[in-house]
$ cat coords_39.txt   # compact mmCIF, C-alpha atoms
# COMPACT_ATOMS: atom_id res chain seq x y z
CA MET A 13 21.71 -5.49 18.98
CA PRO A 14 19.48 -8.24 20.39
CA ASN A 15 17.37 -10.32 18.02
CA LYS A 16 13.60 -10.68 18.36
CA ARG A 17 11.52 -13.21 16.43
CA PHE A 18 7.81 -12.83 15.76
CA ILE A 19 6.37 -16.16 16.92
CA GLY A 20 2.62 -15.54 17.42
CA ASN A 21 2.07 -17.49 20.64
CA VAL A 22 -0.98 -15.58 21.89
CA ALA A 23 -4.20 -17.60 21.70
CA PRO A 24 -7.10 -15.99 19.79
CA VAL A 25 -9.58 -14.07 21.96
CA ALA A 26 -12.90 -12.83 20.58
CA ASP A 27 -13.54 -9.09 20.67
CA VAL A 28 -16.49 -8.11 22.91
CA TRP A 29 -18.30 -4.76 23.06
CA THR A 30 -21.22 -3.70 25.26
CA TYR A 31 -23.66 -0.83 24.93
CA THR A 32 -25.76 0.04 27.99
CA VAL A 33 -28.89 2.19 27.68
CA VAL A 34 -28.86 4.90 30.37
CA THR A 35 -31.35 7.61 29.36
CA VAL A 36 -34.84 6.85 28.00
CA THR A 37 -36.53 10.24 27.76
CA ALA A 38 -38.35 11.10 24.54
CA ALA A 39 -36.16 12.23 21.59
CA THR A 40 -33.08 10.55 23.06
CA VAL A 41 -30.84 8.98 20.42
CA HIS A 42 -29.14 5.66 21.07
CA GLY A 43 -26.64 4.34 18.57
CA ILE A 44 -23.24 2.86 17.72
CA THR A 45 -20.85 3.98 14.96
CA CYS A 46 -18.23 1.93 13.15
CA ASN A 47 -16.23 3.00 10.11
CA GLY A 48 -18.46 6.04 9.57
CA LYS A 49 -21.65 3.95 9.64
CA THR A 50 -24.09 4.66 12.45
CA ILE A 51 -26.90 2.38 13.55
CA SER A 52 -29.27 4.34 15.80
CA ILE A 53 -32.83 4.83 17.02
CA THR A 54 -34.68 7.87 18.38
CA LEU A 55 -36.88 7.14 21.37
CA GLY A 56 -40.50 8.10 21.77
CA SER A 57 -42.26 8.42 25.10
CA GLY A 58 -42.85 5.61 27.57
CA GLU A 59 -39.68 3.64 26.87
CA THR A 60 -37.72 1.69 29.44
CA THR A 61 -34.05 0.88 29.30
CA SER A 62 -34.94 -2.69 28.32
CA THR A 63 -37.34 -1.78 25.50
CA ALA A 64 -34.89 0.82 24.15
CA ALA A 65 -32.08 -1.74 24.17
CA SER A 66 -34.28 -4.28 22.34
CA LYS A 67 -35.16 -1.75 19.65
CA LEU A 68 -31.53 -0.79 19.10
CA LEU A 69 -30.62 -4.47 18.93
CA ALA A 70 -33.23 -5.02 16.22
CA ALA A 71 -31.77 -2.15 14.19
CA ILE A 72 -28.24 -3.55 14.51
CA GLN A 73 -29.33 -7.05 13.56
CA ALA A 74 -31.14 -5.70 10.50
CA THR A 75 -28.20 -3.79 9.08
CA LEU A 76 -26.27 -5.09 6.08
CA ALA A 77 -23.12 -3.22 7.13
CA GLY A 78 -20.28 -5.72 7.26
CA GLU A 79 -18.64 -3.95 10.19
CA PHE A 80 -21.61 -4.94 12.36
CA GLN A 81 -22.23 -8.31 10.72
CA GLU A 82 -18.81 -9.49 11.90
CA TYR A 83 -20.35 -9.66 15.39
CA VAL A 84 -23.14 -11.63 17.05
CA TRP A 85 -25.40 -9.15 18.86
CA THR A 86 -27.55 -10.08 21.87
CA VAL A 87 -29.44 -8.19 24.58
CA ASP A 88 -29.94 -8.71 28.29
CA ALA A 89 -32.17 -6.09 29.90
CA ALA A 90 -30.52 -2.72 29.17
CA VAL A 91 -27.23 -4.14 27.87
CA ILE A 92 -26.49 -5.02 24.26
CA THR A 93 -23.46 -7.24 23.70
CA GLY A 94 -21.56 -7.70 20.44
CA THR A 95 -19.18 -10.68 20.24
CA ALA A 96 -16.91 -11.11 17.24
CA LYS A 97 -17.72 -14.16 15.14
CA THR A 98 -14.01 -14.75 14.55
CA ALA A 99 -11.64 -14.62 17.50
CA GLY A 100 -8.46 -12.62 17.11
CA ILE A 101 -9.85 -9.77 14.99
CA PRO A 102 -10.30 -6.35 16.66
CA GLY A 103 -13.02 -3.82 15.93
CA THR A 104 -13.48 -0.17 16.81
CA PHE A 105 -16.90 1.18 17.77
CA THR A 106 -17.83 4.63 19.08
CA ASN A 107 -20.76 5.93 21.08
CA ALA A 108 -23.41 7.66 18.96
CA SER A 109 -25.92 8.36 21.74
CA THR A 110 -27.25 11.82 22.58
CA GLY A 111 -24.39 13.77 24.09
CA GLY A 112 -22.34 10.60 24.21
CA THR A 113 -23.84 9.92 27.64
CA ALA A 114 -27.33 8.62 26.94
CA GLY A 115 -25.69 5.26 26.46
CA ALA A 116 -22.40 3.79 27.70
CA LEU A 117 -20.11 1.95 25.26
CA ASN A 118 -17.32 -0.31 26.50
CA ASN A 119 -14.87 -2.90 25.22
CA PRO A 120 -14.64 -5.25 28.22
CA THR A 121 -12.78 -7.96 26.28
CA PRO A 122 -10.43 -6.58 23.62
CA ALA A 123 -9.45 -8.95 20.85
CA ALA A 124 -6.12 -10.73 21.10
CA GLY A 125 -4.34 -13.38 19.08
CA PRO A 126 -1.23 -14.43 17.20
CA ASN A 127 -1.47 -11.62 14.61
CA PHE A 128 -0.96 -8.69 17.00
CA ALA A 129 2.45 -7.01 16.77
CA ASN A 130 1.92 -5.18 20.07
CA LEU A 131 1.43 -8.21 22.36
CA THR A 132 4.40 -9.49 24.35
CA GLY A 133 3.46 -13.16 23.96
CA ASN A 134 3.86 -12.92 20.19
CA TRP A 135 7.60 -12.23 20.40
CA SER A 136 10.47 -14.47 21.43
CA GLY A 137 11.36 -14.17 25.08
CA ALA A 138 7.77 -13.08 25.83
CA ALA A 139 8.85 -9.45 25.56
CA LEU A 140 8.27 -6.77 22.95
CA PRO A 141 11.22 -5.49 20.91
CA VAL A 142 12.99 -2.42 22.22
CA ASP A 143 14.65 0.36 20.29
CA GLY A 144 17.49 -0.93 18.12
CA ASP A 145 16.55 -4.64 18.08
CA ASN A 146 16.69 -6.77 14.95
CA TRP A 147 13.35 -8.31 13.99
CA TYR A 148 13.06 -11.72 12.33
CA LEU A 149 10.04 -13.22 10.57
CA ASP A 150 10.55 -16.73 9.25
CA ALA A 151 8.65 -19.79 8.03
CA SER A 152 6.93 -20.29 11.39
CA SER A 153 5.90 -16.65 11.90
CA PRO A 154 2.19 -15.81 11.45
CA ASP A 155 0.68 -12.83 9.66
CA MET A 156 1.36 -9.48 11.36
CA LEU A 157 -1.99 -7.71 10.97
CA PHE A 158 -2.90 -5.68 14.05
CA GLY A 159 -1.22 -3.33 16.50
CA LEU A 160 0.73 -2.00 13.54
CA GLU A 161 1.21 1.53 14.86
CA TYR A 162 2.43 0.58 18.34
CA PHE A 163 6.14 0.91 17.56
CA PHE A 164 5.74 4.33 15.93
CA ASP A 165 3.57 5.59 18.78
CA ASN A 166 6.16 4.44 21.32
CA THR A 167 9.25 5.42 19.28
CA ILE A 168 10.59 1.88 19.12
CA ARG A 169 12.80 1.54 16.05
CA PRO A 170 14.06 -1.76 14.69
CA ALA A 171 17.65 -1.63 13.44
CA ALA A 172 16.69 -4.15 10.76
CA ILE A 173 13.79 -6.39 9.75
CA TYR A 174 14.65 -9.71 8.12
CA MET A 175 12.00 -11.82 6.37
CA ASP A 176 13.59 -15.19 5.55
CA ASP A 177 11.30 -17.86 4.08
CA TYR A 178 8.37 -15.88 5.46
CA GLY A 179 5.14 -16.54 3.58
CA GLY A 180 2.77 -14.39 5.61
CA SER A 181 1.47 -10.85 5.37
CA ILE A 182 2.37 -7.61 7.08
CA GLY A 183 -0.60 -5.23 6.97
CA LEU A 184 -4.15 -5.36 5.69
CA PRO A 185 -5.66 -5.07 2.19
CA PRO A 186 -7.75 -2.01 1.35
CA VAL A 187 -11.04 -3.95 1.32
CA ARG A 188 -12.09 -6.36 4.01
CA GLY A 189 -14.06 -9.39 2.94
CA SER A 190 -11.79 -10.04 -0.06
CA ASN A 191 -9.23 -12.77 -0.68
CA ALA A 192 -8.05 -14.62 2.44
CA PHE A 193 -9.57 -11.99 4.71
CA ALA A 194 -13.17 -12.90 3.89
CA ILE A 195 -15.70 -12.75 6.71
CA GLY A 196 -17.60 -15.72 5.32
CA PRO A 197 -17.73 -17.71 2.10
CA SER A 198 -20.88 -15.95 0.85
CA SER A 199 -21.37 -13.13 3.31
CA GLY A 200 -21.34 -10.32 0.75
CA VAL A 201 -20.43 -7.84 3.47
CA SER A 202 -17.07 -6.49 2.32
CA TYR A 203 -16.23 -2.91 3.22
CA PRO A 204 -13.28 -0.47 3.05
CA GLU A 205 -10.82 -1.43 5.77
CA TYR A 206 -10.81 1.04 8.67
CA ARG A 207 -8.20 -0.58 10.89
CA PRO A 208 -4.58 0.63 10.53
CA ARG A 209 -3.30 -1.12 7.43
CA TYR A 210 0.42 -0.26 7.42
CA LEU A 211 3.25 -1.22 9.76
CA LYS A 212 4.26 2.26 10.85
CA LEU A 213 7.93 2.67 11.70
CA PRO A 214 9.52 5.63 13.50
CA THR A 215 12.35 7.80 12.27
CA GLY A 216 15.91 6.47 12.34
CA SER A 217 18.20 4.20 10.37
CA ILE A 218 16.34 0.99 9.42
CA VAL A 219 17.12 -1.71 6.84
CA ILE A 220 14.35 -4.04 5.68
CA HIS A 221 15.18 -7.26 3.80
CA TYR A 222 11.89 -8.43 2.34
CA GLY A 223 11.34 -11.88 0.85
CA ARG A 224 14.65 -13.69 1.22
CA GLY A 225 14.59 -17.44 0.65
CA ARG A 226 12.46 -19.90 -1.28
CA THR A 227 9.19 -18.75 0.30
CA VAL A 228 8.25 -15.09 -0.13
CA PRO A 229 5.65 -12.94 1.67
CA THR A 230 2.10 -12.54 0.45
CA ARG A 231 1.77 -8.87 1.38
CA GLY A 232 3.88 -6.11 2.92
CA GLN A 233 2.71 -2.59 3.82
CA PHE A 234 5.09 -0.08 5.37
CA HIS A 235 4.62 3.49 6.55
CA LEU A 236 8.07 5.05 6.92
CA ALA A 237 8.80 8.13 8.99
CA GLY A 238 11.99 10.18 8.83
CA THR A 239 14.50 9.68 6.00
CA GLY A 240 16.57 6.69 7.10
CA THR A 241 14.91 3.50 5.86
CA SER A 242 16.25 1.34 3.02
CA ILE A 243 14.15 -1.52 1.68
CA TYR A 244 15.51 -4.46 -0.32
CA VAL A 245 12.76 -6.55 -1.93
CA HIS A 246 14.36 -9.87 -2.84
CA GLY A 247 11.07 -11.57 -3.72
CA ALA A 248 7.32 -11.14 -3.35
CA LYS A 249 4.20 -13.00 -4.39
CA GLN A 250 2.05 -11.76 -7.24
CA PRO A 251 -0.54 -9.12 -6.33
CA ALA A 252 -4.01 -10.17 -5.27
CA ASN A 253 -6.70 -9.87 -7.93
CA GLY A 254 -7.35 -6.26 -8.84
CA GLU A 255 -4.38 -4.89 -6.92
CA PRO A 256 -1.33 -3.30 -8.61
CA ALA A 257 1.27 -4.59 -6.14
CA SER A 258 1.88 -6.83 -3.15
CA VAL A 259 4.34 -4.48 -1.42
CA TYR A 260 3.10 -0.97 -0.57
CA ILE A 261 5.21 1.86 0.82
CA GLN A 262 4.18 5.31 1.98
CA GLY A 263 5.24 7.97 4.46
CA SER A 264 7.96 10.60 4.26
CA THR A 265 10.34 11.13 1.35
CA GLY A 266 14.12 11.09 1.06
CA HIS A 267 14.79 7.55 2.27
CA PRO A 268 18.11 6.21 0.94
CA MET A 269 17.30 3.15 -1.18
CA LEU A 270 14.54 0.98 -2.62
CA SER A 271 15.93 -2.06 -4.41
CA VAL A 272 13.55 -4.53 -6.07
CA THR A 273 15.10 -7.69 -7.46
CA GLN A 274 11.78 -9.50 -7.85
CA GLY A 275 8.29 -8.40 -6.89
CA TRP A 276 5.59 -5.80 -7.46
CA VAL A 277 6.09 -2.68 -5.35
CA ALA A 278 4.02 0.52 -5.15
CA VAL A 279 5.26 3.79 -3.62
CA ALA A 280 2.62 6.34 -2.54
CA GLU A 281 0.20 4.64 -4.91
CA GLU A 282 -3.01 5.31 -2.99
CA PHE A 283 -4.81 8.66 -3.19
CA GLY A 284 -3.36 11.27 -0.83
CA GLN A 285 -0.24 9.28 0.07
CA THR A 286 3.33 10.52 -0.08
CA GLY A 287 6.65 8.70 0.01
CA GLY A 288 9.92 8.39 -1.80
CA PHE A 289 13.54 7.31 -1.98
CA THR A 290 16.71 9.06 -3.09
CA GLU A 291 17.51 6.09 -5.31
CA VAL A 292 15.38 3.27 -6.71
CA ARG A 293 16.92 0.21 -8.37
CA ILE A 294 14.79 -2.28 -10.32
CA GLY A 295 16.09 -5.72 -11.25
CA ASP A 296 19.80 -6.45 -11.67
CA GLU A 297 22.21 -6.27 -14.56
CA GLY A 298 22.31 -9.33 -16.75
CA ASN A 299 19.19 -10.97 -15.33
CA ALA A 300 16.21 -9.72 -17.29
CA SER A 301 12.93 -10.43 -15.55
CA GLU A 302 9.36 -9.25 -16.00
CA ASP A 303 8.79 -10.02 -12.33
CA ALA A 304 10.34 -6.80 -11.04
CA LYS A 305 8.01 -3.82 -11.22
CA VAL A 306 7.78 -0.56 -9.26
CA ILE A 307 4.83 1.85 -9.45
CA PHE A 308 5.11 5.45 -8.27
CA GLY A 309 1.91 7.29 -7.38
CA GLU A 310 1.36 10.99 -7.93
CA GLY A 311 2.47 11.75 -4.36
CA ALA A 312 5.83 10.02 -4.72
CA THR A 313 9.16 11.85 -4.83
CA VAL A 314 11.48 10.09 -7.27
CA PRO A 315 14.85 11.71 -7.95
CA LEU A 316 16.71 8.73 -9.46
CA VAL A 317 15.43 5.45 -10.93
CA THR A 318 17.76 2.81 -12.35
CA ASN A 319 15.76 0.21 -14.29
CA LEU A 320 18.17 -2.62 -15.04
CA SER A 321 15.87 -5.54 -15.85
CA GLY A 322 12.26 -4.83 -15.02
CA ARG A 323 9.28 -2.54 -15.35
CA SER A 324 8.40 0.80 -13.83
CA GLU A 325 5.45 3.17 -13.96
CA SER A 326 5.15 6.67 -12.60
CA ALA A 327 2.52 9.35 -12.09
CA ALA A 328 5.22 11.47 -10.43
CA SER A 329 7.95 13.44 -12.15
CA ILE A 330 11.26 11.57 -12.41
CA ASN A 331 14.43 13.64 -12.39
CA SER A 332 16.62 10.87 -13.79
CA LEU A 333 15.54 7.54 -15.29
CA TYR A 334 18.23 5.16 -16.51
CA MET A 335 17.06 2.19 -18.62
CA GLY A 336 19.72 -0.50 -18.93
CA LEU A 337 20.16 -2.93 -21.80
CA ASN A 338 17.90 -5.52 -20.17
CA ALA A 339 15.20 -3.12 -18.98
CA ILE A 340 11.73 -4.00 -20.20
CA GLU A 341 9.44 -0.99 -19.89
CA HIS A 342 8.75 2.33 -18.24
CA VAL A 343 5.32 4.02 -18.44
CA GLN A 344 5.06 7.72 -17.56
CA THR A 345 1.41 8.55 -16.86
CA TYR A 346 1.81 12.07 -15.47
CA GLY A 347 4.52 14.61 -14.68
CA ASP A 348 7.90 15.32 -16.23
CA LEU A 349 10.55 12.79 -17.23
CA THR A 350 14.26 12.91 -17.94
CA ALA A 351 15.51 9.59 -19.33
CA VAL A 352 18.62 7.91 -20.68
CA VAL A 353 17.56 4.74 -22.49
CA TYR A 354 19.84 1.93 -23.63
CA GLY A 355 17.18 -0.79 -23.57
CA GLY A 356 13.45 -1.30 -23.17
CA THR A 357 10.45 0.80 -24.14
CA VAL A 358 9.51 4.13 -22.61
CA ILE A 359 5.77 4.70 -23.07
CA HIS A 360 5.02 8.37 -22.57
CA ASN A 361 1.35 8.93 -21.65
CA SER A 362 1.91 12.31 -20.01
CA ASP A 363 1.52 15.87 -21.25
CA GLY A 364 4.48 16.88 -19.10
CA THR A 365 7.94 17.73 -20.41
CA ILE A 366 10.20 14.88 -21.53
CA VAL A 367 13.95 15.05 -22.09
CA PHE A 368 15.61 11.91 -23.45
CA ASP A 369 18.66 10.26 -24.94
CA LEU A 370 17.96 6.97 -26.75
CA ASP A 371 21.02 4.94 -27.71
CA GLY A 372 21.01 1.48 -29.26
CA ASP A 373 18.66 -0.84 -31.09
CA ARG A 374 17.12 -2.12 -27.86
CA SER A 375 15.64 1.26 -26.96
CA VAL A 376 12.21 2.60 -27.99
CA LEU A 377 10.33 5.79 -27.13
CA ASP A 378 6.59 5.44 -27.75
CA PHE A 379 4.31 8.50 -27.95
CA SER A 380 1.58 6.63 -29.85
CA LYS A 381 -0.52 5.65 -26.82
CA ASP A 382 -1.46 9.27 -25.92
CA PRO A 383 -2.55 11.75 -28.63
CA ARG A 384 -2.00 14.88 -26.54
CA THR A 385 0.67 17.37 -27.56
CA ARG A 386 3.74 17.04 -25.36
CA ASP A 387 6.69 19.28 -24.66
CA VAL A 388 10.03 17.82 -25.72
CA GLY A 389 12.99 19.51 -24.07
CA SER A 390 16.12 20.59 -25.88
CA GLY A 391 19.15 18.39 -26.47
CA CYS A 392 17.29 15.12 -27.12
CA SER A 393 18.74 12.37 -29.31
CA VAL A 394 17.77 9.07 -30.96
CA LEU A 395 20.90 7.21 -32.05
CA ASN A 396 22.42 3.88 -33.07
CA GLY A 397 19.27 2.07 -34.11
CA ALA A 398 16.98 3.45 -31.41
CA ARG A 399 13.39 4.17 -32.44
CA MET A 400 10.89 6.93 -31.73
CA LEU A 401 7.24 6.11 -32.39
CA ASP A 402 5.16 9.26 -32.85
CA PRO A 403 2.80 8.61 -35.79
CA GLY A 404 0.45 11.34 -34.55
CA ASN A 405 3.21 13.97 -34.60
CA THR A 406 2.47 14.91 -30.99
CA ARG A 407 5.94 16.14 -30.04
CA GLY A 408 6.74 19.81 -29.63
CA THR A 409 8.93 21.94 -31.87
CA SER A 410 12.29 21.37 -30.16
CA GLU A 411 14.95 19.85 -32.40
CA ILE A 412 15.76 16.17 -31.86
CA GLU A 413 19.00 14.63 -33.13
CA PHE A 414 18.63 11.45 -35.23
CA ASP A 415 21.44 9.55 -36.91
CA ASP A 416 21.20 7.59 -40.15
CA THR A 417 20.38 4.33 -38.34
CA SER A 418 17.51 5.64 -36.25
CA LEU A 419 15.72 8.06 -38.58
CA PRO A 420 14.61 5.46 -41.18
CA ILE A 421 13.07 3.12 -38.60
CA SER A 422 11.32 5.76 -36.52
CA LYS A 423 7.68 6.75 -37.08
CA LEU A 424 7.38 10.49 -36.90
CA GLY A 425 4.09 11.31 -38.59
CA PRO A 426 3.47 13.81 -41.41
CA SER A 427 5.31 17.09 -42.12
CA VAL A 428 8.66 16.22 -40.57
CA ILE A 429 11.44 18.73 -41.13
CA VAL A 430 14.93 17.21 -41.27
CA LYS A 431 17.82 19.65 -40.86
CA LYS A 432 21.43 18.71 -41.62
CA ALA A 433 23.63 19.16 -38.58
$ encode --input "coords_39.txt" --output "structure tokens"
Amino acid sequence: MPNKRFIGNVAPVADVWTYTVVTVTAATVHGITCNGKTISITLGSGETTSTAASKLLAAIQATLAGEFQEYVWTVDAAVITGTAKTAGIPGTFTNASTGGTAGALNNPTPAAGPNFANLTGNWSGAALPVDGDNWYLDASSPDMLFGLEYFFDNTIRPAAIYMDDYGGSIGLPPVRGSNAFAIGPSSGVSYPEYRPRYLKLPTGSIVIHYGRGRTVPTRGQFHLAGTGTSIYVHGAKQPANGEPASVYIQGSTGHPMLSVTQGWVAVAEEFGQTGGFTEVRIGDEGNASEDAKVIFGEGATVPLVTNLSGRSESAASINSLYMGLNAIEHVQTYGDLTAVVYGGTVIHNSDGTIVFDLDGDRSVLDFSKDPRTRDVGSGCSVLNGARMLDPGNTRGTSEIEFDDTSLPISKLGPSVIVKKA
């Protein structure tokens, strides 16, 4: 398997779009759309192609929409030209004229630059990876921000992706104009990102080693097809302000493994996303760390989670959660949960069914954060100094086994019936 390194050698080129006025009869609409926002005018009588173009230019220049403010707009006779203020960032505009023919929209100079994954000059050997290559991103590799769906569209599958001492980003944040992606220091023109945000990978067996080395990536966003990708997150930077994670994963379900030694990872966290792994491992035995956290959105599929020394949170049902001695916390916000807990706190904020075995003085089950009545399945136990916190008596009527070390230190609310086994 040949090796390909992402080197980012392509010089930045500013994106250029032109709109040419063709039809000037009365009631003709001329306009341009970007990210669902349309800037347009409706012509009266007596217009020329030049006067119509000038009026549309004035409307574009007056808009506060950030998608348009990223460009400098000028006019020459019947042609309006938009040139990106920052070279190397692409935009996507569509024709909003009457019938799509009253005006002609073109992209004569597409953006280019070091952050495009789909340009040959940005890869070692001046050639794009082919199916089965190993990809390497290292300390000298730039951010990989654009052309993120090229490999999926062309069924080019990496055998493995290695990120060693890579401090850049793969993918785009949900809002443009925030953090390092700001348009200007005081532009105030942020907007929901409309460009493809995730590196989309085709089906097949792929292994991703994320964040190996002393320097770790700022952001990673992966859309996984098929069921063959395993991701090992060795390290990741803290999330940007207001974001829950710095590594985001979505796509199909049933991938073999997600292992997070250090970092904040979200699976199908955004609305409408899906994604999932057969097994998820958080932290490692004997090395407790609050820096390992995995969040599962409502669209995630999560059969097995092993939390050895970190945090987890889920809005999806979990078939089997194992909390090791050095686990810190799991929060269940929605769905059902089946858990075996030897350490850490399980905070149950769901009205779904919970089945649990708590064993040992490091384990806590906390119902106190959510006053709703919950269904407790049969066969549950709280043993050997484990604690259940349910001061509001929110649990159902199923019997729970307590031993003489756990019952005195648990908080079970009023009217508790204790039956001798």
$ closest_residue --input "coords_39.txt" --among "A:Gly284, A:Pro229, A:Pro268, A:Pro126" --to "Ala312 (chain A)" --atoms "only C-alpha atoms"
A:Gly284
$ atom_distance --input "coords_39.txt" --atom1 "CA of Val41 (chain A)" --atom2 "CA of Ala116 (chain A)"
12.3 Å
$ residues_near_point --input "coords_39.txt" --point "(14.2, 19.5, -26.1)" --cutoff "7 Å" --atoms "only C-alpha atoms" --output "NGL selection string"
:A and (367 or 388-392 or 410-412)
$ residues_around --input "coords_39.txt" --residues "Val428 (chain A)" --least-positions-apart "2" --cutoff "12 Å" --atoms "only C-alpha atoms" --output "number ranges by chain"
A: 402-409, 411-412, 419, 422-426, 430-431
$ write_last_selection --input "coords_39.txt" --atoms "C-alpha atoms" --output "PDB file, in the frame of the given file"
ATOM      1  CA  ASP A 402       5.160   9.260 -32.850  1.00  0.00           C
ATOM      2  CA  PRO A 403       2.800   8.610 -35.790  1.00  0.00           C
ATOM      3  CA  GLY A 404       0.450  11.340 -34.550  1.00  0.00           C
ATOM      4  CA  ASN A 405       3.210  13.970 -34.600  1.00  0.00           C
ATOM      5  CA  THR A 406       2.470  14.910 -30.990  1.00  0.00           C
ATOM      6  CA  ARG A 407       5.940  16.140 -30.040  1.00  0.00           C
ATOM      7  CA  GLY A 408       6.740  19.810 -29.630  1.00  0.00           C
ATOM      8  CA  THR A 409       8.930  21.940 -31.870  1.00  0.00           C
ATOM      9  CA  GLU A 411      14.950  19.850 -32.400  1.00  0.00           C
ATOM     10  CA  ILE A 412      15.760  16.170 -31.860  1.00  0.00           C
ATOM     11  CA  LEU A 419      15.720   8.060 -38.580  1.00  0.00           C
ATOM     12  CA  SER A 422      11.320   5.760 -36.520  1.00  0.00           C
ATOM     13  CA  LYS A 423       7.680   6.750 -37.080  1.00  0.00           C
ATOM     14  CA  LEU A 424       7.380  10.490 -36.900  1.00  0.00           C
ATOM     15  CA  GLY A 425       4.090  11.310 -38.590  1.00  0.00           C
ATOM     16  CA  PRO A 426       3.470  13.810 -41.410  1.00  0.00           C
ATOM     17  CA  VAL A 430      14.930  17.210 -41.270  1.00  0.00           C
ATOM     18  CA  LYS A 431      17.820  19.650 -40.860  1.00  0.00           C
TER      19      LYS A 431
END
$ closest_residue --input "coords_39.txt" --among "A:Gly179, A:Gly100, A:Gly58, A:Gly111" --to "Gly159 (chain A)" --atoms "all atoms listed in the file"
A:Gly100
$ closest_residue --input "coords_39.txt" --among "A:Ala124, A:Ala99, A:Val358, A:Leu68" --to "Trp85 (chain A)" --atoms "all atoms listed in the file"
A:Leu68
$ residues_around --input "coords_39.txt" --residues "region 206-220 of chain A" --least-positions-apart "2" --cutoff "6 Å" --atoms "all atoms listed in the file" --output "PyMOL selection string"
chain A and resi 47+160-161+164+167+169+171-173+183-184+233-238+240-243
$ atom_distance --input "coords_39.txt" --atom1 "CA of Ser375 (chain A)" --atom2 "CA of Ala351 (chain A)"
11.3 Å
$ residues_around --input "coords_39.txt" --residues "Glu291 (chain A)" --least-positions-apart "6" --cutoff "10 Å" --atoms "all atoms listed in the file" --output "ChimeraX atom specification"
/A:242,266-271,314-318,332
$ closest_residue --input "coords_39.txt" --among "A:Ile51, A:Ala398, A:Leu140, A:Ile261" --to "Leu337 (chain A)" --atoms "only C-alpha atoms"
A:Ala398
$ residues_around --input "coords_39.txt" --residues "Thr286 (chain A)" --least-positions-apart "4" --cutoff "8 Å" --atoms "only C-alpha atoms" --output "PDB file with C-alpha atoms, in the frame of the given file"
ATOM      1  CA  GLN A 262       4.180   5.310   1.980  1.00  0.00           C
ATOM      2  CA  GLY A 263       5.240   7.970   4.460  1.00  0.00           C
ATOM      3  CA  SER A 264       7.960  10.600   4.260  1.00  0.00           C
ATOM      4  CA  THR A 265      10.340  11.130   1.350  1.00  0.00           C
ATOM      5  CA  VAL A 279       5.260   3.790  -3.620  1.00  0.00           C
ATOM      6  CA  ALA A 280       2.620   6.340  -2.540  1.00  0.00           C
ATOM      7  CA  GLY A 311       2.470  11.750  -4.360  1.00  0.00           C
ATOM      8  CA  ALA A 312       5.830  10.020  -4.720  1.00  0.00           C
ATOM      9  CA  THR A 313       9.160  11.850  -4.830  1.00  0.00           C
TER      10      THR A 313
END
$ residues_around --input "coords_39.txt" --residues "Gln344 (chain A)" --least-positions-apart "4" --cutoff "6 Å" --atoms "all atoms listed in the file" --output "list in words"
Glu325, Ser326, His360 and Asn361 of chain A
$ closest_residue --input "coords_39.txt" --among "A:Gly309, A:Gly275, A:Gly336, A:Gly356" --to "Ala248 (chain A)" --atoms "only C-alpha atoms"
A:Gly275
$ atom_distance --input "coords_39.txt" --atom1 "CA of Asp369 (chain A)" --atom2 "CA of His342 (chain A)"
14.4 Å
$ closest_atom_pairs --input "coords_39.txt" --of "region 72-147 of chain A" --to "region 15-21 of chain A" --cutoff "7 Å" --atoms "only C-alpha atoms" --output "CSV"
residue,atom,partner,partner_atom,distance
A:Pro126,CA,A:Gly20,CA,4.0
A:Asn127,CA,A:Gly20,CA,6.3
A:Gly133,CA,A:Asn21,CA,5.6
A:Asn134,CA,A:Gly20,CA,4.0
A:Trp135,CA,A:Phe18,CA,4.7
A:Ser136,CA,A:Arg17,CA,5.3
A:Pro141,CA,A:Lys16,CA,6.3
A:Asp145,CA,A:Asn15,CA,5.7
A:Asn146,CA,A:Asn15,CA,4.7
A:Trp147,CA,A:Lys16,CA,5.0
$ residues_near_point --input "coords_39.txt" --point "(19.2, 2.4, -18.1)" --cutoff "12 Å" --atoms "only C-alpha atoms" --output "compact mmCIF listing (two decimals) with C-alpha atoms, keeping the file's coordinate frame"
# COMPACT_ATOMS: atom_id res chain seq x y z
CA ARG A 293 16.92 0.21 -8.37
CA ILE A 294 14.79 -2.28 -10.32
CA GLY A 295 16.09 -5.72 -11.25
CA ASP A 296 19.80 -6.45 -11.67
CA GLU A 297 22.21 -6.27 -14.56
CA LEU A 316 16.71 8.73 -9.46
CA VAL A 317 15.43 5.45 -10.93
CA THR A 318 17.76 2.81 -12.35
CA ASN A 319 15.76 0.21 -14.29
CA LEU A 320 18.17 -2.62 -15.04
CA SER A 321 15.87 -5.54 -15.85
CA GLY A 322 12.26 -4.83 -15.02
CA ARG A 323 9.28 -2.54 -15.35
CA SER A 324 8.40 0.80 -13.83
CA SER A 332 16.62 10.87 -13.79
CA LEU A 333 15.54 7.54 -15.29
CA TYR A 334 18.23 5.16 -16.51
CA MET A 335 17.06 2.19 -18.62
CA GLY A 336 19.72 -0.50 -18.93
CA LEU A 337 20.16 -2.93 -21.80
CA ASN A 338 17.90 -5.52 -20.17
CA ALA A 339 15.20 -3.12 -18.98
CA ILE A 340 11.73 -4.00 -20.20
CA GLU A 341 9.44 -0.99 -19.89
CA HIS A 342 8.75 2.33 -18.24
CA THR A 350 14.26 12.91 -17.94
CA ALA A 351 15.51 9.59 -19.33
CA VAL A 352 18.62 7.91 -20.68
CA VAL A 353 17.56 4.74 -22.49
CA TYR A 354 19.84 1.93 -23.63
CA GLY A 355 17.18 -0.79 -23.57
CA GLY A 356 13.45 -1.30 -23.17
CA THR A 357 10.45 0.80 -24.14
CA VAL A 358 9.51 4.13 -22.61
CA PHE A 368 15.61 11.91 -23.45
CA ASP A 369 18.66 10.26 -24.94
CA LEU A 370 17.96 6.97 -26.75
CA ASP A 371 21.02 4.94 -27.71
CA GLY A 372 21.01 1.48 -29.26
CA ARG A 374 17.12 -2.12 -27.86
CA SER A 375 15.64 1.26 -26.96
